[in-house]
Each structure stands twice: as structure tokens, then as C-alpha cells.
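Dumped structure-v1.cif below, it's mmCIF, C-alpha atoms:
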data_model
loop_
_atom_site.group_PDB
_atom_site.id
_atom_site.type_symbol
_atom_site.label_atom_id
_atom_site.label_comp_id
_atom_site.auth_asym_id
_atom_site.auth_seq_id
_atom_site.Cartn_x
_atom_site.Cartn_y
_atom_site.Cartn_z
ATOM 1 C CA MET A 1 -22.617 -19.654 -31.363
ATOM 2 C CA ASP A 2 -22.742 -18.089 -34.793
ATOM 3 C CA TYR A 3 -23.469 -20.952 -37.160
ATOM 4 C CA GLN A 4 -23.097 -18.863 -40.319
ATOM 5 C CA TRP A 5 -19.382 -19.746 -40.402
ATOM 6 C CA PHE A 6 -20.125 -23.454 -40.102
ATOM 7 C CA LEU A 7 -22.579 -23.051 -42.975
ATOM 8 C CA LEU A 8 -20.092 -21.099 -45.062
ATOM 9 C CA PHE A 9 -17.236 -23.571 -44.501
ATOM 10 C CA SER A 10 -19.525 -26.518 -45.255
ATOM 11 C CA LEU A 11 -19.936 -25.196 -48.800
ATOM 12 C CA ILE A 12 -16.364 -26.324 -49.589
ATOM 13 C CA PRO A 13 -16.895 -30.122 -49.322
ATOM 14 C CA LEU A 14 -20.362 -29.630 -50.798
ATOM 15 C CA ALA A 15 -18.946 -27.925 -53.898
ATOM 16 C CA VAL A 16 -16.124 -30.452 -54.295
ATOM 17 C CA GLY A 17 -18.553 -33.351 -53.806
ATOM 18 C CA PHE A 18 -21.005 -32.079 -56.431
ATOM 19 C CA ALA A 19 -18.138 -31.407 -58.850
ATOM 20 C CA GLY A 20 -17.726 -35.197 -58.798
ATOM 21 C CA LEU A 21 -20.993 -35.555 -60.720
ATOM 22 C CA ARG A 22 -19.024 -34.618 -63.844
ATOM 23 C CA THR A 23 -16.509 -37.397 -63.177
ATOM 24 C CA ASP A 24 -16.759 -40.841 -64.729
ATOM 25 C CA LEU A 25 -16.531 -42.872 -61.525
ATOM 26 C CA ARG A 26 -16.173 -46.154 -63.431
ATOM 27 C CA GLN A 27 -12.593 -45.153 -64.250
ATOM 28 C CA ARG A 28 -10.493 -45.947 -61.176
ATOM 29 C CA PRO A 29 -7.919 -43.112 -61.534
ATOM 30 C CA ARG A 30 -10.736 -40.561 -61.807
ATOM 31 C CA LEU A 31 -12.619 -42.127 -58.915
ATOM 32 C CA LEU A 32 -9.446 -41.995 -56.803
ATOM 33 C CA ARG A 33 -8.821 -38.354 -57.715
ATOM 34 C CA GLN A 34 -12.383 -37.439 -56.754
ATOM 35 C CA VAL A 35 -12.231 -39.357 -53.463
ATOM 36 C CA LYS A 36 -8.911 -37.680 -52.571
ATOM 37 C CA GLY A 37 -10.459 -34.297 -53.390
ATOM 38 C CA ASN A 38 -13.513 -35.036 -51.246
ATOM 39 C CA ILE A 39 -11.420 -36.073 -48.261
ATOM 40 C CA ALA A 40 -9.051 -33.109 -48.686
ATOM 41 C CA SER A 41 -12.053 -30.752 -48.768
ATOM 42 C CA LEU A 42 -13.332 -32.335 -45.548
ATOM 43 C CA MET A 43 -9.932 -31.712 -43.920
ATOM 44 C CA VAL A 44 -10.009 -28.067 -45.061
ATOM 45 C CA PHE A 45 -13.530 -27.777 -43.609
ATOM 46 C CA LEU A 46 -12.343 -29.139 -40.242
ATOM 47 C CA VAL A 47 -9.239 -26.914 -40.166
ATOM 48 C CA LEU A 48 -11.399 -23.856 -40.877
ATOM 49 C CA ILE A 49 -13.906 -24.722 -38.130
ATOM 50 C CA ASP A 50 -11.043 -25.392 -35.682
ATOM 51 C CA SER A 51 -9.463 -22.040 -36.597
ATOM 52 C CA TYR A 52 -12.795 -20.243 -36.150
ATOM 53 C CA LEU A 53 -13.349 -21.872 -32.749
ATOM 54 C CA PHE A 54 -9.766 -21.044 -31.743
ATOM 55 C CA VAL A 55 -10.312 -17.369 -32.547
ATOM 56 C CA LEU A 56 -13.656 -17.473 -30.734
ATOM 57 C CA SER A 57 -12.218 -19.037 -27.597
ATOM 58 C CA MET B 1 20.703 -52.740 -37.647
ATOM 59 C CA CYS B 2 19.431 -52.137 -41.154
ATOM 60 C CA SER B 3 16.795 -54.837 -40.850
ATOM 61 C CA VAL B 4 15.595 -53.373 -37.530
ATOM 62 C CA LEU B 5 15.260 -49.964 -39.181
ATOM 63 C CA ARG B 6 13.432 -51.526 -42.127
ATOM 64 C CA GLN B 7 11.033 -53.307 -39.763
ATOM 65 C CA ALA B 8 10.456 -50.094 -37.805
ATOM 66 C CA ARG B 9 9.681 -48.293 -41.058
ATOM 67 C CA SER B 10 7.263 -51.023 -42.114
ATOM 68 C CA PHE B 11 5.603 -50.835 -38.716
ATOM 69 C CA LEU B 12 5.182 -47.072 -39.042
ATOM 70 C CA LYS B 13 3.523 -47.623 -42.424
ATOM 71 C CA LEU B 14 1.274 -50.226 -40.804
ATOM 72 C CA CYS B 15 0.151 -47.586 -38.293
ATOM 73 C CA ARG B 16 -1.148 -45.362 -41.170
ATOM 74 C CA LEU B 17 -0.361 -42.250 -39.142
ATOM 75 C CA ARG B 18 -1.928 -39.892 -41.732
ATOM 76 C CA PHE B 19 -5.369 -41.222 -40.730
ATOM 77 C CA LEU B 20 -4.788 -39.890 -37.220
ATOM 78 C CA ILE B 21 -4.992 -36.306 -38.557
ATOM 79 C CA PRO B 22 -8.791 -36.193 -39.106
ATOM 80 C CA GLY B 23 -9.234 -37.686 -35.622
ATOM 81 C CA LEU B 24 -6.993 -35.013 -34.093
ATOM 82 C CA LEU B 25 -8.897 -32.265 -35.944
ATOM 83 C CA LEU B 26 -12.225 -33.644 -34.657
ATOM 84 C CA TYR B 27 -10.866 -33.881 -31.098
ATOM 85 C CA ILE B 28 -9.600 -30.264 -31.278
ATOM 86 C CA LEU B 29 -12.973 -29.202 -32.688
ATOM 87 C CA GLY B 30 -14.812 -30.690 -29.696
ATOM 88 C CA PHE B 31 -12.300 -29.277 -27.208
ATOM 89 C CA LEU B 32 -12.371 -25.743 -28.666
ATOM 90 C CA LEU B 33 -16.173 -25.830 -28.917
ATOM 91 C CA ALA B 34 -16.292 -26.461 -25.164
ATOM 92 C CA VAL B 35 -13.797 -23.617 -24.561
ATOM 93 C CA ALA B 36 -15.916 -21.323 -26.746
ATOM 94 C CA TYR B 37 -18.862 -22.177 -24.458
ATOM 95 C CA GLY B 38 -16.927 -21.225 -21.326
ATOM 96 C CA ALA B 39 -14.779 -24.232 -20.377
ATOM 97 C CA ASP B 40 -11.234 -23.512 -19.196
ATOM 98 C CA LEU B 41 -8.414 -24.157 -21.658
ATOM 99 C CA GLU B 42 -6.422 -26.656 -19.553
ATOM 100 C CA LEU B 43 -3.397 -28.218 -21.230
ATOM 101 C CA GLU B 44 -3.374 -31.243 -18.900
ATOM 102 C CA LYS B 45 -6.977 -32.108 -19.811
ATOM 103 C CA PHE B 46 -6.253 -31.577 -23.501
ATOM 104 C CA VAL B 47 -3.195 -33.852 -23.504
ATOM 105 C CA LEU B 48 -4.635 -36.605 -21.296
ATOM 106 C CA GLY B 49 -7.943 -36.623 -23.180
ATOM 107 C CA TYR B 50 -6.111 -36.862 -26.487
ATOM 108 C CA LEU B 51 -3.873 -39.673 -25.197
ATOM 109 C CA ILE B 52 -7.008 -41.732 -24.428
ATOM 110 C CA PHE B 53 -8.301 -41.033 -27.913
ATOM 111 C CA PHE B 54 -4.938 -41.397 -29.712
ATOM 112 C CA THR B 55 -4.193 -44.850 -28.270
ATOM 113 C CA ALA B 56 -7.696 -46.083 -29.164
ATOM 114 C CA HIS B 57 -7.430 -44.638 -32.685
ATOM 115 C CA LEU B 58 -3.977 -46.121 -33.314
ATOM 116 C CA SER B 59 -5.154 -49.483 -31.959
ATOM 117 C CA LEU B 60 -7.963 -49.647 -34.514
ATOM 118 C CA HIS B 61 -5.508 -49.088 -37.393
ATOM 119 C CA LEU B 62 -3.472 -52.088 -36.283
ATOM 120 C CA SER B 63 -6.406 -54.395 -35.476
ATOM 121 C CA ASN B 64 -8.177 -53.522 -38.734
ATOM 122 C CA ASP B 65 -5.088 -54.370 -40.762
ATOM 123 C CA TYR B 66 -4.737 -57.655 -38.851
ATOM 124 C CA PHE B 67 -8.345 -58.795 -39.195
ATOM 125 C CA ASP B 68 -8.772 -57.435 -42.746
ATOM 126 C CA GLN B 69 -5.821 -59.369 -44.165
ATOM 127 C CA LYS B 70 -8.039 -61.587 -46.340
ATOM 128 C CA ALA B 71 -10.265 -58.755 -47.599
ATOM 129 C CA ASP B 72 -7.274 -56.476 -48.191
ATOM 130 C CA SER B 73 -5.597 -59.150 -50.331
ATOM 131 C CA PHE B 74 -8.233 -58.335 -52.999
ATOM 132 C CA ASN B 75 -7.441 -54.593 -52.816
ATOM 133 C CA SER B 76 -4.487 -52.486 -53.830
ATOM 134 C CA PRO B 77 -3.705 -49.944 -51.101
ATOM 135 C CA THR B 78 -4.255 -46.296 -52.017
ATOM 136 C CA VAL B 79 -3.531 -43.081 -50.100
ATOM 137 C CA VAL B 80 -7.069 -43.141 -48.740
ATOM 138 C CA SER B 81 -8.052 -46.806 -48.493
ATOM 139 C CA GLY B 82 -7.264 -50.501 -48.856
ATOM 140 C CA GLY B 83 -5.354 -51.039 -45.605
ATOM 141 C CA SER B 84 -1.624 -50.454 -45.362
ATOM 142 C CA GLY B 85 -0.710 -53.567 -47.389
ATOM 143 C CA ILE B 86 2.249 -54.096 -45.061
ATOM 144 C CA LEU B 87 1.057 -57.413 -43.606
ATOM 145 C CA LYS B 88 0.935 -58.901 -47.099
ATOM 146 C CA ALA B 89 4.645 -58.145 -47.548
ATOM 147 C CA HIS B 90 5.628 -58.705 -43.886
ATOM 148 C CA PRO B 91 3.409 -61.425 -42.380
ATOM 149 C CA GLU B 92 5.843 -61.654 -39.432
ATOM 150 C CA LEU B 93 4.481 -58.279 -38.255
ATOM 151 C CA ALA B 94 0.906 -59.602 -37.969
ATOM 152 C CA ARG B 95 1.165 -61.052 -34.461
ATOM 153 C CA PRO B 96 3.036 -58.030 -32.983
ATOM 154 C CA ALA B 97 0.426 -55.762 -34.603
ATOM 155 C CA LEU B 98 -2.389 -57.584 -32.802
ATOM 156 C CA VAL B 99 -0.540 -57.614 -29.468
ATOM 157 C CA ILE B 100 0.241 -53.882 -29.714
ATOM 158 C CA SER B 101 -3.349 -53.135 -30.736
ATOM 159 C CA VAL B 102 -4.758 -54.869 -27.646
ATOM 160 C CA SER B 103 -2.082 -53.243 -25.447
ATOM 161 C CA LEU B 104 -3.070 -49.800 -26.769
ATOM 162 C CA ILE B 105 -6.707 -50.476 -25.825
ATOM 163 C CA VAL B 106 -5.615 -51.407 -22.291
ATOM 164 C CA ILE B 107 -3.496 -48.199 -22.092
ATOM 165 C CA SER B 108 -6.439 -46.132 -23.371
ATOM 166 C CA LEU B 109 -8.747 -47.605 -20.717
ATOM 167 C CA LEU B 110 -6.183 -47.121 -17.934
ATOM 168 C CA ILE B 111 -5.668 -43.439 -18.820
ATOM 169 C CA ALA B 112 -9.473 -43.074 -18.996
ATOM 170 C CA ILE B 113 -9.801 -44.427 -15.448
ATOM 171 C CA TYR B 114 -7.117 -41.967 -14.280
ATOM 172 C CA PHE B 115 -8.882 -39.096 -16.116
ATOM 173 C CA GLN B 116 -12.239 -40.089 -14.604
ATOM 174 C CA VAL B 117 -10.832 -40.000 -11.061
ATOM 175 C CA ARG B 118 -8.452 -37.030 -11.509
ATOM 176 C CA PHE B 119 -11.058 -34.671 -13.013
ATOM 177 C CA ALA B 120 -14.241 -36.205 -11.536
ATOM 178 C CA ALA B 121 -15.545 -36.791 -15.067
ATOM 179 C CA PRO B 122 -19.256 -37.659 -15.462
ATOM 180 C CA TRP B 123 -20.329 -41.303 -15.011
ATOM 181 C CA TYR B 124 -20.706 -41.848 -18.776
ATOM 182 C CA PHE B 125 -17.099 -40.845 -19.585
ATOM 183 C CA PHE B 126 -15.537 -44.285 -19.106
ATOM 184 C CA PRO B 127 -18.395 -46.172 -20.842
ATOM 185 C CA LEU B 128 -17.971 -43.832 -23.862
ATOM 186 C CA VAL B 129 -14.247 -44.614 -23.990
ATOM 187 C CA LEU B 130 -15.066 -48.325 -23.717
ATOM 188 C CA ILE B 131 -17.620 -48.077 -26.558
ATOM 189 C CA GLY B 132 -15.114 -46.158 -28.703
ATOM 190 C CA ASN B 133 -12.429 -48.786 -28.202
ATOM 191 C CA GLY B 134 -14.957 -51.572 -28.834
ATOM 192 C CA LEU B 135 -16.236 -50.001 -32.065
ATOM 193 C CA GLY B 136 -12.674 -49.600 -33.325
ATOM 194 C CA TYR B 137 -11.551 -53.128 -32.488
ATOM 195 C CA PHE B 138 -14.712 -54.971 -33.529
ATOM 196 C CA TYR B 139 -14.986 -52.997 -36.785
ATOM 197 C CA ALA B 140 -13.118 -55.909 -38.345
ATOM 198 C CA ALA B 141 -12.516 -58.331 -35.452
ATOM 199 C CA PRO B 142 -14.733 -61.305 -34.616
ATOM 200 C CA PRO B 143 -17.267 -61.981 -33.232
ATOM 201 C CA PHE B 144 -18.991 -58.733 -34.310
ATOM 202 C CA ARG B 145 -17.021 -57.859 -37.489
ATOM 203 C CA LEU B 146 -19.155 -54.741 -38.029
ATOM 204 C CA ALA B 147 -17.679 -53.979 -41.469
ATOM 205 C CA TYR B 148 -18.707 -57.460 -42.672
ATOM 206 C CA ARG B 149 -22.311 -57.144 -41.467
ATOM 207 C CA GLY B 150 -23.320 -53.856 -43.058
ATOM 208 C CA LEU B 151 -22.663 -51.887 -39.878
ATOM 209 C CA GLY B 152 -19.358 -50.260 -40.901
ATOM 210 C CA GLU B 153 -20.906 -46.970 -42.043
ATOM 211 C CA LEU B 154 -23.079 -46.682 -38.933
ATOM 212 C CA SER B 155 -20.247 -47.385 -36.499
ATOM 213 C CA THR B 156 -17.814 -45.032 -38.284
ATOM 214 C CA ALA B 157 -20.414 -42.260 -38.509
ATOM 215 C CA PHE B 158 -21.089 -42.601 -34.776
ATOM 216 C CA ALA B 159 -17.367 -42.679 -33.964
ATOM 217 C CA ALA B 160 -16.460 -39.732 -36.210
ATOM 218 C CA GLY B 161 -19.657 -37.780 -35.615
ATOM 219 C CA VAL B 162 -20.132 -38.186 -31.879
ATOM 220 C CA LEU B 163 -17.274 -39.983 -30.141
ATOM 221 C CA MET B 164 -14.260 -38.169 -31.644
ATOM 222 C CA PRO B 165 -15.436 -34.553 -31.228
ATOM 223 C CA GLY B 166 -17.374 -35.641 -28.125
ATOM 224 C CA MET B 167 -14.169 -36.852 -26.507
ATOM 225 C CA GLY B 168 -12.632 -33.398 -26.981
ATOM 226 C CA TYR B 169 -15.761 -31.651 -25.700
ATOM 227 C CA ILE B 170 -16.175 -33.824 -22.626
ATOM 228 C CA SER B 171 -12.448 -33.528 -21.769
ATOM 229 C CA ALA B 172 -12.764 -29.750 -21.568
ATOM 230 C CA MET B 173 -16.362 -29.287 -20.380
ATOM 231 C CA ASN B 174 -16.677 -32.346 -18.114
ATOM 232 C CA ALA B 175 -20.098 -32.978 -19.659
ATOM 233 C CA LEU B 176 -21.741 -33.757 -22.977
ATOM 234 C CA ASP B 177 -24.459 -31.085 -23.041
ATOM 235 C CA HIS B 178 -26.900 -29.691 -25.602
ATOM 236 C CA ASN B 179 -24.344 -27.218 -27.008
ATOM 237 C CA PHE B 180 -22.427 -30.210 -28.354
ATOM 238 C CA LEU B 181 -25.366 -32.514 -29.076
ATOM 239 C CA ILE B 182 -27.070 -29.926 -31.294
ATOM 240 C CA LEU B 183 -24.115 -30.184 -33.720
ATOM 241 C CA ALA B 184 -23.911 -34.000 -33.611
ATOM 242 C CA PRO B 185 -26.374 -34.644 -36.510
ATOM 243 C CA ALA B 186 -24.183 -32.568 -38.854
ATOM 244 C CA PHE B 187 -21.032 -34.371 -37.717
ATOM 245 C CA LEU B 188 -22.819 -37.704 -38.222
ATOM 246 C CA ALA B 189 -23.507 -36.693 -41.835
ATOM 247 C CA TYR B 190 -19.812 -35.841 -42.327
ATOM 248 C CA GLY B 191 -18.885 -39.188 -40.747
ATOM 249 C CA VAL B 192 -20.998 -40.953 -43.410
ATOM 250 C CA PHE B 193 -19.405 -38.761 -46.103
ATOM 251 C CA PHE B 194 -15.926 -39.762 -44.891
ATOM 252 C CA ILE B 195 -16.464 -43.519 -44.634
ATOM 253 C CA LEU B 196 -18.253 -43.784 -48.010
ATOM 254 C CA ASN B 197 -15.348 -41.981 -49.684
ATOM 255 C CA VAL B 198 -12.855 -44.325 -48.015
ATOM 256 C CA GLU B 199 -14.895 -47.395 -49.021
ATOM 257 C CA MET B 200 -15.496 -46.479 -52.664
ATOM 258 C CA PRO B 201 -12.042 -47.261 -54.143
ATOM 259 C CA ASP B 202 -12.196 -50.705 -52.448
ATOM 260 C CA ALA B 203 -15.718 -51.643 -53.584
ATOM 261 C CA GLN B 204 -14.643 -54.445 -55.927
ATOM 262 C CA GLY B 205 -12.129 -55.935 -53.489
ATOM 263 C CA ASP B 206 -14.566 -55.647 -50.580
ATOM 264 C CA ARG B 207 -17.187 -57.577 -52.582
ATOM 265 C CA GLU B 208 -14.668 -60.375 -53.164
ATOM 266 C CA GLY B 209 -13.407 -60.224 -49.586
ATOM 267 C CA GLY B 210 -16.887 -60.557 -48.072
ATOM 268 C CA LYS B 211 -17.315 -57.051 -46.684
ATOM 269 C CA VAL B 212 -20.850 -55.680 -46.675
ATOM 270 C CA ASN B 213 -20.961 -51.941 -47.277
ATOM 271 C CA LEU B 214 -22.859 -49.543 -49.496
ATOM 272 C CA PRO B 215 -20.354 -49.289 -52.412
ATOM 273 C CA ALA B 216 -19.710 -53.067 -52.369
ATOM 274 C CA VAL B 217 -23.418 -53.951 -52.428
ATOM 275 C CA TYR B 218 -24.928 -51.179 -54.568
ATOM 276 C CA GLY B 219 -21.949 -50.073 -56.652
ATOM 277 C CA GLU B 220 -19.916 -46.876 -56.814
ATOM 278 C CA ARG B 221 -22.496 -44.749 -58.636
ATOM 279 C CA ARG B 222 -25.239 -45.276 -56.080
ATOM 280 C CA ALA B 223 -22.723 -44.931 -53.267
ATOM 281 C CA TYR B 224 -21.725 -41.564 -54.718
ATOM 282 C CA HIS B 225 -25.350 -40.460 -54.570
ATOM 283 C CA ALA B 226 -25.268 -41.355 -50.865
ATOM 284 C CA VAL B 227 -22.054 -39.287 -50.554
ATOM 285 C CA LEU B 228 -23.853 -36.284 -52.054
ATOM 286 C CA LEU B 229 -26.904 -36.867 -49.852
ATOM 287 C CA SER B 230 -24.783 -36.972 -46.688
ATOM 288 C CA ILE B 231 -22.819 -33.820 -47.567
ATOM 289 C CA SER B 232 -26.050 -32.016 -48.514
ATOM 290 C CA LEU B 233 -27.618 -33.000 -45.195
ATOM 291 C CA GLY B 234 -24.584 -31.575 -43.357
ATOM 292 C CA THR B 235 -24.861 -28.205 -45.096
ATOM 293 C CA THR B 236 -28.685 -28.151 -44.792
ATOM 294 C CA TYR B 237 -28.405 -28.821 -41.059
ATOM 295 C CA PHE B 238 -25.958 -25.938 -40.565
ATOM 296 C CA GLY B 239 -28.331 -23.791 -42.645
ATOM 297 C CA ALA B 240 -31.230 -24.741 -40.364
ATOM 298 C CA LEU B 241 -29.137 -23.911 -37.266
ATOM 299 C CA TYR B 242 -28.196 -20.533 -38.745
ATOM 300 C CA LEU B 243 -31.830 -19.661 -39.462
#

Go ahead and express the file in the form of C-alpha cells.
Amino acid sequence: MDYQWFLLFSLIPLAVGFAGLRTDLRQRPRLLRQVKGNIASLMVFLVLIDSYLFVLS
Amino acid sequence: MCSVLRQARSFLKLCRLRFLIPGLLLYILGFLLAVAYGADLELEKFVLGYLIFFTAHLSLHLSNDYFDQKADSFNSPTVVSGGSGILKAHPELARPALVISVSLIVISLLIAIYFQVRFAAPWYFFPLVLIGNGLGYFYAAPPFRLAYRGLGELSTAFAAGVLMPGMGYISAMNALDHNFLILAPAFLAYGVFFILNVEMPDAQGDREGGKVNLPAVYGERRAYHAVLLSISLGTTYFGALYL
């Protein structure tokens, strides 16, 4: 298994998560926006890994 | 007729079907990983395995809404958290929700027994399904009430990191071997990332409702540091595997 793709795809939620450091999490709308972004990035990460594994199999 | 349709619509909202998507993606991930390592791509195994998982997953949505009614009354539902909020507006759906939740667990276990016999699955297949159903139901239900005892993150991380992709892997491969287990620590980290994000918008309400979790106890800022730590650990682990 070539884990470089897993590593590459994992940079997406990592980048979105760290972008949240610039967000004022005490403000609920901003917190919600960040949380939605984090979860969406996790979904993208999973879709990409699934697609990679599909191509591989 | 209109009221039946309205009730059916409310019930669909109660099921929070959008939360089934990450579970399906994790199941597919496990299944395709097994296929990539040489397992046959059998549609019957894929569908039956997912039915076991789907019924258990749907059951936990209903039981959590039922047993979290008090805690959820302090929260406003959002796209990502706070329960469905349906039982607050339609308390008459509470009892059917619980009955359907328990029925779904029974269906999940019955299909698991059939799967075990039909495909000669390993001895630990049924116990894993039982643990998965138990973790889902007792996340909010007494006597364990994991989410109220500081065990919500741990149980969700285990479910999302091991059980969900593991269910897909074991359905295809008929075993849970090192090719899957080597990835489990990374998936555990992403499980923590997911549950902390879901918990954060509800921190205030969870505090008032008696839930014990990281954002409720330590606040959103510290919880966000834990989010970053978990996501960093996931990437670092993949980096270590690559090297």
C-alpha cells in the first residue's frame, strides 16, 4: 500500500483545522462555520481515500 | 393523510440521515482496503455487511435523541450537532423512536448471525457487532450513559476509528488482519477529530445538561487545541507509515 496518498489527502483537514486558529471561537456563528468546515474537510478526505482505494482495487 | 405525511417527515428528520454518510464512507473505506489487499469484491457481502452496520448506526441516532432529550433541551440544533430537536416539538414520537431503535439493534444482530453462518466469518465478528450496537445505544442510555461519564470521545473514536471501517474490512476479507490494524491509530485520531467538532457547538448546553466531555469541561478553546492535536497525529501517523 502506498501511503503517500493517505498523507497527501490528510493535509486537507489539517490545513482547514489550522486555519481555525485565526477564528474567534467565542463567537458562535464563527465557531459553527469552522466546525462545518472541519467536518466537510474530513468528508472530502474520506471521499478521496475511497476513490484512491477504488482505483487501486 | 396530511398529518401522517407530516409525522413521517418529522420521523425522517429524527433519523438525521445526513450523519449516515460518514459511516457509509468509513464502511466503504474498510471494504475497498480489503479488496485492494486481495479480497474478492462480492456485492452480497458488501450489502449484507452494510445492512448490519446501517441498522446499528440508525438505531443510535434514535436512541441518542430519546435519551438526550433533557440535555438537548439546553441546545439549539445545528447542521452538525445538538440532536434533531424533533422530540421537543413532537414528544409523541419519543416512544416509537425508542421501540424502533431497539428493533433495529435486534435486526442488526439477526443479520450478523446470518452473515456469520453464511460466510463462516471469524469468531470475533458477532462480538464486534454486539459491541458496536452496545456502544451506540449506551452512548446516552442508562445504565452506562457513556457521554455523561466522560467516555463519549473514547467510544466514538473507537467506533469511528476501528468498528466502522473494520466492519467493511472484515465483511470483505473475513478477518481483521495487520493490513487494517496498522491504519487504525490514524482512524482513531480522525474519530477524535470528528467527535470534538460535533461536541464543540453544544459545549454550553452540554454543561447545563450534565454531559461530561472535553469542550463542556475545559471550554471551546482548549477543546480546539485537542482538535488540532488529533488531526496532527493523523497526518504524522500517515507520514510515519510513508517513511

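Atom CA of B:Gly191 is found 5.2 Å from atom CA of B:Ala160.
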
Once the PyMOL selection byres ((chain B) within 10 of (chain A)) has been applied to the shown file, what residues remain in the selection, as a PyMOL selection string? chain B and resi 21-22+25-41+78-81+179+183+186+190+193-201+219-221+224-225+227-243

Restricting it to C-alpha atoms, dump the selection as an mmCIF file, in the coordinates of the input.
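Output file selection14.cif follows:
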data_model
loop_
_atom_site.group_PDB
_atom_site.id
_atom_site.type_symbol
_atom_site.label_atom_id
_atom_site.label_comp_id
_atom_site.auth_asym_id
_atom_site.auth_seq_id
_atom_site.Cartn_x
_atom_site.Cartn_y
_atom_site.Cartn_z
ATOM 1 C CA ILE B 21 -4.992 -36.306 -38.557
ATOM 2 C CA PRO B 22 -8.791 -36.193 -39.106
ATOM 3 C CA LEU B 25 -8.897 -32.265 -35.944
ATOM 4 C CA LEU B 26 -12.225 -33.644 -34.657
ATOM 5 C CA TYR B 27 -10.866 -33.881 -31.098
ATOM 6 C CA ILE B 28 -9.600 -30.264 -31.278
ATOM 7 C CA LEU B 29 -12.973 -29.202 -32.688
ATOM 8 C CA GLY B 30 -14.812 -30.690 -29.696
ATOM 9 C CA PHE B 31 -12.300 -29.277 -27.208
ATOM 10 C CA LEU B 32 -12.371 -25.743 -28.666
ATOM 11 C CA LEU B 33 -16.173 -25.830 -28.917
ATOM 12 C CA ALA B 34 -16.292 -26.461 -25.164
ATOM 13 C CA VAL B 35 -13.797 -23.617 -24.561
ATOM 14 C CA ALA B 36 -15.916 -21.323 -26.746
ATOM 15 C CA TYR B 37 -18.862 -22.177 -24.458
ATOM 16 C CA GLY B 38 -16.927 -21.225 -21.326
ATOM 17 C CA ALA B 39 -14.779 -24.232 -20.377
ATOM 18 C CA ASP B 40 -11.234 -23.512 -19.196
ATOM 19 C CA LEU B 41 -8.414 -24.157 -21.658
ATOM 20 C CA THR B 78 -4.255 -46.296 -52.017
ATOM 21 C CA VAL B 79 -3.531 -43.081 -50.100
ATOM 22 C CA VAL B 80 -7.069 -43.141 -48.740
ATOM 23 C CA SER B 81 -8.052 -46.806 -48.493
ATOM 24 C CA ASN B 179 -24.344 -27.218 -27.008
ATOM 25 C CA LEU B 183 -24.115 -30.184 -33.720
ATOM 26 C CA ALA B 186 -24.183 -32.568 -38.854
ATOM 27 C CA TYR B 190 -19.812 -35.841 -42.327
ATOM 28 C CA PHE B 193 -19.405 -38.761 -46.103
ATOM 29 C CA PHE B 194 -15.926 -39.762 -44.891
ATOM 30 C CA ILE B 195 -16.464 -43.519 -44.634
ATOM 31 C CA LEU B 196 -18.253 -43.784 -48.010
ATOM 32 C CA ASN B 197 -15.348 -41.981 -49.684
ATOM 33 C CA VAL B 198 -12.855 -44.325 -48.015
ATOM 34 C CA GLU B 199 -14.895 -47.395 -49.021
ATOM 35 C CA MET B 200 -15.496 -46.479 -52.664
ATOM 36 C CA PRO B 201 -12.042 -47.261 -54.143
ATOM 37 C CA GLY B 219 -21.949 -50.073 -56.652
ATOM 38 C CA GLU B 220 -19.916 -46.876 -56.814
ATOM 39 C CA ARG B 221 -22.496 -44.749 -58.636
ATOM 40 C CA TYR B 224 -21.725 -41.564 -54.718
ATOM 41 C CA HIS B 225 -25.350 -40.460 -54.570
ATOM 42 C CA VAL B 227 -22.054 -39.287 -50.554
ATOM 43 C CA LEU B 228 -23.853 -36.284 -52.054
ATOM 44 C CA LEU B 229 -26.904 -36.867 -49.852
ATOM 45 C CA SER B 230 -24.783 -36.972 -46.688
ATOM 46 C CA ILE B 231 -22.819 -33.820 -47.567
ATOM 47 C CA SER B 232 -26.050 -32.016 -48.514
ATOM 48 C CA LEU B 233 -27.618 -33.000 -45.195
ATOM 49 C CA GLY B 234 -24.584 -31.575 -43.357
ATOM 50 C CA THR B 235 -24.861 -28.205 -45.096
ATOM 51 C CA THR B 236 -28.685 -28.151 -44.792
ATOM 52 C CA TYR B 237 -28.405 -28.821 -41.059
ATOM 53 C CA PHE B 238 -25.958 -25.938 -40.565
ATOM 54 C CA GLY B 239 -28.331 -23.791 -42.645
ATOM 55 C CA ALA B 240 -31.230 -24.741 -40.364
ATOM 56 C CA LEU B 241 -29.137 -23.911 -37.266
ATOM 57 C CA TYR B 242 -28.196 -20.533 -38.745
ATOM 58 C CA LEU B 243 -31.830 -19.661 -39.462
#

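From atom CA of B:Leu128 back to atom CA of B:Ile182, the distance works out to 18.2 Å.
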
So the first atom is atom CA of B:Val162 and the second is atom CA of B:Leu24; what is the distance between them in Å, to one decimal place? 13.7 Å

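The nearest approach to B:Gly210 among the residues B:Leu188, B:Ala71, B:Leu20, B:Val102, with only C-alpha atoms taken into account, belongs to B:Ala71.
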
All file atoms of stretch 208-211 of chain B boxed axis-aligned, 3 Å per side, centre plus edges, as AutoDock Vina command-line options:
--center_x -15.4 --center_y -58.8 --center_z -49.9 --size_x 9.9 --size_y 9.5 --size_z 12.5

Can you turn the PyMOL selection byres ((chain B and resi 6-16) around 8) into a concrete residue list for this file, as a list of chain:residue names? B:Cys2, B:Ser3, B:Val4, B:Leu5, B:Leu17, B:Arg18, B:Phe19, B:Leu20, B:Leu58, B:His61, B:Leu62, B:Asp65, B:Ser84, B:Gly85, B:Ile86, B:Leu87, B:Leu93

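Take the PyMOL selection byres ((chain B and resi 167) around 8) and apply it to this file: it picks Tyr27, Gly30, Phe31, Gly49, Phe53, Leu163, Met164, Pro165, Gly166, Gly168, Tyr169, Ile170 and Ser171 of chain B.
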
Residue contacts of B:Tyr114 (12 Å, all atoms listed in the file) excluding same-chain residues fewer than 4 positions away, as JSON, numbers by chain: {"B": [45, 48, 49, 51, 52, 107, 108, 109, 110, 118, 119, 120, 121, 125, 126]}

Give me the residues within 10 Å of B:Arg207 as a count of residues only, counting only C-alpha atoms and dropping any in the same chain fewer than 6 places off. 7
